[in-house]
Amino acid sequence: MKETDPATLARVILTGRKYRHLDIPPETVIDLIQHGLDAGLRPEQAVDIAREKLHNIVAPYLGDPDYEKASREVGKFDAFSDDKPLRNFCLTMLESHASTRERIPYLSDFYWKIFTVTGVPRTILDLACAMHPFGIPWMGLPAGTRYQAYDLHRPRVELINHFFTAAGICGEAIYGDILLNPPAQPSDVGFFFKEAHRFEQRQKGCNRAFWQALNVRWLVVSLPASNLTGRFDLADRQRRLVSEILTGIGWPVTEILVGNELIFCLRKENV
Ligand SMILES: C[S@@+](CC[C@H](N)C(=O)[O-])C[C@H]1O[C@@H](n2cnc3c(N)ncnc32)[C@H](O)[C@@H]1O
């Protein structure tokens with residue numbers, strides 16, 4: 001491969017069948033390729049590694065709803081005047097993705113335990129959200145709580161925005177790469193669930209600067225306590241990862257375990 005321009009190389013991946021319809025931000029793929037080239041890889045190697053990393057970032061194996069069908073259902077506004085159809089719809093959405101599916105048996109407990117530590121927030125950032133905003137009905141948030149959800153997967157972002165409007169939630173879903181552009185919005189709580197270990201796979205050591213850049217009073221990070229098959233206990237590895245990221249930072253940490261999720265509530269001091 002003669003081409004060495006990362007933007008041109010990125011187009012090969014972005015226009016392929018696998019990613020065309022997802023509209024992944026080009027800067028994400030350019031960044032992955034640029035890191036490969038900076039590490040001395042040949043262009044074709046850098047493209048291969050970028051493909052592997054993008055597969056792990058988008059994680060199609062974790063599941064997706066049928067976005068068009070879900071959007072048609074959201075369009076039936078009347079259904080949401082009653083709490084039960086709203087919750088049923090949200091449960092279907094939570095079930096469609098492995099990260100939220102395994103949280104369903106513990107939903108109310110999950111938020112209650114977190115907010116017991118952080119206090120009930122009035123402003124929330126949901127970082128790398130996937131289908132998690134469909135958990136809002138179980139969060140017990142006061143009316144008017146501002147909810148900002150971030151993801152780089154366009155169909156998810158569009159569906160969540162459609163849902164927020166239909167359900168009268170004071171929120172917005174924002175499309176973009178949060179590692180390259182960390183949200184600057186001040187907030188009571190930032191949720192960063194089940195993604196920090198993938199950030200490390202994308203770029204070793206990147207969590208530290210990302211966590212520091214966030215303008216939140218509490219950063220709530222969760223990681224899986226065992227692997228997807230439930231066979232391997234990952235708790236000690238996850239604690240080591242969080243403590244390495246926080247080396248020398250000194251934010252107080254409160255740890256909670258709910259189901260298969262190890263939750264670290266980090267009290268940031270710079271806000
Ligand atoms: C494992 S899922 C997260 C699940 C969700 N936080 C939860 O626990 O229910 C990963 C999600 O993060 C998104 N994502 C990964 N890297 C991202 C980035 N740098 N910026 C924005 N979104 C990202 C992916 O598109 C995907 O929807």
# chains A, B, ... in the order shown; residues from 1 in each chain; ligands from 1
call {"tool": "select_by_dssp", "arguments": {"residues": "stretch 114-184 of chain A", "states": "strand (DSSP E or B)", "output": "VMD selection string"}}
result
chain A and resid 123 to 127 146 to 151 171 to 175
call {"tool": "write_last_selection", "arguments": {"atoms": "C-alpha atoms", "output": "compact mmCIF listing (two decimals), in the first residue's frame"}}
result
# COMPACT_ATOMS: atom_id res chain seq x y z
CA THR A 123 -27.21 16.86 35.98
CA ILE A 124 -25.77 13.67 34.49
CA LEU A 125 -23.29 12.83 31.73
CA ASP A 126 -23.65 9.28 30.41
CA LEU A 127 -20.30 8.65 28.73
CA ARG A 146 -30.62 17.16 32.80
CA TYR A 147 -29.32 14.01 31.11
CA GLN A 148 -26.61 14.21 28.44
CA ALA A 149 -25.64 10.95 26.78
CA TYR A 150 -22.61 10.52 24.50
CA ASP A 151 -21.88 7.89 21.87
CA GLY A 171 -31.95 15.28 27.83
CA GLU A 172 -29.95 15.05 24.66
CA ALA A 173 -27.78 12.43 23.05
CA ILE A 174 -24.59 13.82 21.60
CA TYR A 175 -22.71 12.20 18.75
call {"tool": "residues_around", "arguments": {"residues": "A:Gly250", "least_positions_apart": "5", "cutoff": "12 Å", "atoms": "only C-alpha atoms", "output": "list of chain:residue names"}}
result
A:Gln212, A:Val242, A:Ser243, A:Glu244, A:Ile245, A:Leu266, A:Arg267, A:Lys268, A:Glu269, A:Asn270
call {"tool": "residues_near_ligand", "arguments": {"ligand": "ligand 1", "cutoff": "9 Å", "atoms": "only C-alpha atoms and all ligand atoms", "output": "VMD selection string"}}
result
chain A and resid 24 28 54 56 to 60 62 94 97 to 101 103 126 to 133 135 150 to 154 156 to 157 174 to 182 191 to 195 198 to 199 202 222 to 223
call {"tool": "closest_atom_pairs", "arguments": {"of": "stretch 23-136 of chain A", "to": "stretch 254-264 of chain A", "cutoff": "12 Å", "atoms": "only C-alpha atoms", "output": "JSON lines"}}
result
{"residue": "A:Ala98", "atom": "CA", "partner": "A:Asn260", "partner_atom": "CA", "distance": 11.9}
{"residue": "A:Ser99", "atom": "CA", "partner": "A:Glu261", "partner_atom": "CA", "distance": 9.7}
{"residue": "A:Thr100", "atom": "CA", "partner": "A:Glu261", "partner_atom": "CA", "distance": 10.8}
{"residue": "A:Arg101", "atom": "CA", "partner": "A:Asn260", "partner_atom": "CA", "distance": 11.3}
{"residue": "A:Glu102", "atom": "CA", "partner": "A:Asn260", "partner_atom": "CA", "distance": 7.6}
{"residue": "A:Arg103", "atom": "CA", "partner": "A:Gly259", "partner_atom": "CA", "distance": 7.2}
{"residue": "A:Ile104", "atom": "CA", "partner": "A:Gly259", "partner_atom": "CA", "distance": 9.6}
{"residue": "A:Pro105", "atom": "CA", "partner": "A:Gly259", "partner_atom": "CA", "distance": 8.1}
{"residue": "A:Tyr106", "atom": "CA", "partner": "A:Gly259", "partner_atom": "CA", "distance": 6.7}
{"residue": "A:Leu107", "atom": "CA", "partner": "A:Val258", "partner_atom": "CA", "distance": 9.3}
{"residue": "A:Ser108", "atom": "CA", "partner": "A:Val258", "partner_atom": "CA", "distance": 10.6}
{"residue": "A:Asp109", "atom": "CA", "partner": "A:Val258", "partner_atom": "CA", "distance": 7.7}
{"residue": "A:Phe110", "atom": "CA", "partner": "A:Val258", "partner_atom": "CA", "distance": 6.2}
{"residue": "A:Tyr111", "atom": "CA", "partner": "A:Val258", "partner_atom": "CA", "distance": 9.7}
{"residue": "A:Trp112", "atom": "CA", "partner": "A:Val258", "partner_atom": "CA", "distance": 10.6}
{"residue": "A:Lys113", "atom": "CA", "partner": "A:Ile256", "partner_atom": "CA", "distance": 7.6}
{"residue": "A:Ile114", "atom": "CA", "partner": "A:Ile256", "partner_atom": "CA", "distance": 7.8}
{"residue": "A:Phe115", "atom": "CA", "partner": "A:Ile256", "partner_atom": "CA", "distance": 11.2}
{"residue": "A:Thr116", "atom": "CA", "partner": "A:Ile256", "partner_atom": "CA", "distance": 10.7}
{"residue": "A:Val117", "atom": "CA", "partner": "A:Thr254", "partner_atom": "CA", "distance": 7.6}
{"residue": "A:Thr118", "atom": "CA", "partner": "A:Thr254", "partner_atom": "CA", "distance": 9.6}
call {"tool": "write_last_selection", "arguments": {"atoms": "N, CA and C atoms", "output": "JSON list (two decimals), in the first residue's frame"}}
result
[["chain", "number", "residue", "atom", "x", "y", "z"],
["A", 98, "ALA", "N", -25.79, -6.41, 25.53],
["A", 98, "ALA", "CA", -25.33, -7.23, 26.67],
["A", 98, "ALA", "C", -25.04, -6.39, 27.92],
["A", 99, "SER", "N", -24.47, -5.19, 27.74],
["A", 99, "SER", "CA", -24.08, -4.39, 28.93],
["A", 99, "SER", "C", -25.28, -4.03, 29.77],
["A", 100, "THR", "N", -26.39, -3.67, 29.12],
["A", 100, "THR", "CA", -27.58, -3.29, 29.88],
["A", 100, "THR", "C", -28.41, -4.53, 30.25],
["A", 101, "ARG", "N", -28.36, -5.57, 29.38],
["A", 101, "ARG", "CA", -29.16, -6.77, 29.66],
["A", 101, "ARG", "C", -28.79, -7.36, 31.02],
["A", 102, "GLU", "N", -27.49, -7.44, 31.30],
["A", 102, "GLU", "CA", -27.11, -8.11, 32.55],
["A", 102, "GLU", "C", -27.39, -7.24, 33.79],
["A", 103, "ARG", "N", -27.76, -5.97, 33.57],
["A", 103, "ARG", "CA", -28.09, -5.09, 34.68],
["A", 103, "ARG", "C", -29.58, -5.15, 35.05],
["A", 104, "ILE", "N", -30.39, -5.70, 34.15],
["A", 104, "ILE", "CA", -31.85, -5.65, 34.34],
["A", 104, "ILE", "C", -32.32, -6.22, 35.69],
["A", 105, "PRO", "N", -31.80, -7.38, 36.15],
["A", 105, "PRO", "CA", -32.31, -7.90, 37.43],
["A", 105, "PRO", "C", -32.04, -6.99, 38.62],
["A", 106, "TYR", "N", -31.12, -6.05, 38.47],
["A", 106, "TYR", "CA", -30.70, -5.22, 39.62],
["A", 106, "TYR", "C", -31.01, -3.75, 39.45],
["A", 107, "LEU", "N", -31.85, -3.41, 38.45],
["A", 107, "LEU", "CA", -31.95, -2.00, 38.03],
["A", 107, "LEU", "C", -32.15, -0.99, 39.17],
["A", 108, "SER", "N", -33.20, -1.19, 39.96],
["A", 108, "SER", "CA", -33.50, -0.15, 40.96],
["A", 108, "SER", "C", -32.39, -0.08, 42.00],
["A", 109, "ASP", "N", -31.93, -1.27, 42.42],
["A", 109, "ASP", "CA", -30.87, -1.37, 43.41],
["A", 109, "ASP", "C", -29.59, -0.66, 42.93],
["A", 110, "PHE", "N", -29.31, -0.84, 41.66],
["A", 110, "PHE", "CA", -28.10, -0.30, 41.04],
["A", 110, "PHE", "C", -28.03, 1.22, 41.24],
["A", 111, "TYR", "N", -29.08, 1.93, 40.88],
["A", 111, "TYR", "CA", -29.04, 3.40, 40.97],
["A", 111, "TYR", "C", -29.16, 3.86, 42.43],
["A", 112, "TRP", "N", -29.99, 3.14, 43.19],
["A", 112, "TRP", "CA", -30.16, 3.51, 44.59],
["A", 112, "TRP", "C", -28.82, 3.46, 45.31],
["A", 113, "LYS", "N", -28.04, 2.39, 45.05],
["A", 113, "LYS", "CA", -26.74, 2.25, 45.73],
["A", 113, "LYS", "C", -25.76, 3.35, 45.29],
["A", 114, "ILE", "N", -25.78, 3.67, 44.03],
["A", 114, "ILE", "CA", -24.86, 4.73, 43.54],
["A", 114, "ILE", "C", -25.24, 6.08, 44.14],
["A", 115, "PHE", "N", -26.54, 6.40, 44.11],
["A", 115, "PHE", "CA", -26.96, 7.73, 44.57],
["A", 115, "PHE", "C", -26.86, 7.85, 46.10],
["A", 116, "THR", "N", -26.83, 6.71, 46.80],
["A", 116, "THR", "CA", -26.60, 6.76, 48.24],
["A", 116, "THR", "C", -25.20, 7.34, 48.50],
["A", 117, "VAL", "N", -24.27, 7.08, 47.60],
["A", 117, "VAL", "CA", -22.90, 7.60, 47.75],
["A", 117, "VAL", "C", -22.80, 9.03, 47.18],
["A", 118, "THR", "N", -23.35, 9.24, 45.98],
["A", 118, "THR", "CA", -23.10, 10.52, 45.28],
["A", 118, "THR", "C", -24.14, 11.58, 45.61]]
call {"tool": "closest_residue", "arguments": {"among": "A:Ala196, A:Ala143, A:Thr4, A:Ile169", "to": "A:Leu41", "atoms": "only C-alpha atoms"}}
result
A:Thr4
call {"tool": "select_by_dssp", "arguments": {"residues": "stretch 14-256 of chain A", "states": "helix (DSSP H, G or I)", "output": "MDAnalysis selection string"}}
result
chainID A and resid 14 20:22 26:38 43:58 60:62 67:74 77:81 83:95 98:101 104:118 132:138 154:167 196:202 206:213 235:245
call {"tool": "residues_around", "arguments": {"residues": "A:Val29", "least_positions_apart": "3", "cutoff": "6 Å", "atoms": "only C-alpha atoms", "output": "tab-separated table (two decimals) with C-alpha atoms, in the first residue's frame"}}
result
chain	number	residue	atom	x	y	z
A	10	ALA	CA	-9.53	5.73	7.21
A	26	PRO	CA	-13.87	9.78	10.81
A	32	LEU	CA	-6.42	4.79	15.36
call {"tool": "closest_residue", "arguments": {"among": "A:Asn215, A:Thr165, A:Gln203, A:Thr8", "to": "A:Ala184", "atoms": "only C-alpha atoms"}}
result
A:Asn215
call {"tool": "closest_atom_pairs", "arguments": {"of": "stretch 100-195 of chain A", "to": "stretch 72-91 of chain A", "cutoff": "7 Å", "atoms": "only C-alpha atoms", "output": "tab-separated table"}}
result
residue	atom	partner	partner_atom	distance
A:Phe134	CA	A:Cys90	CA	5.1
A:Gly135	CA	A:Cys90	CA	6.9
A:Pro137	CA	A:Arg87	CA	6.7
A:His162	CA	A:Val74	CA	6.9
A:Phe163	CA	A:Val74	CA	5.9
A:Ala166	CA	A:Phe77	CA	5.7
A:Ala167	CA	A:Phe80	CA	6.1
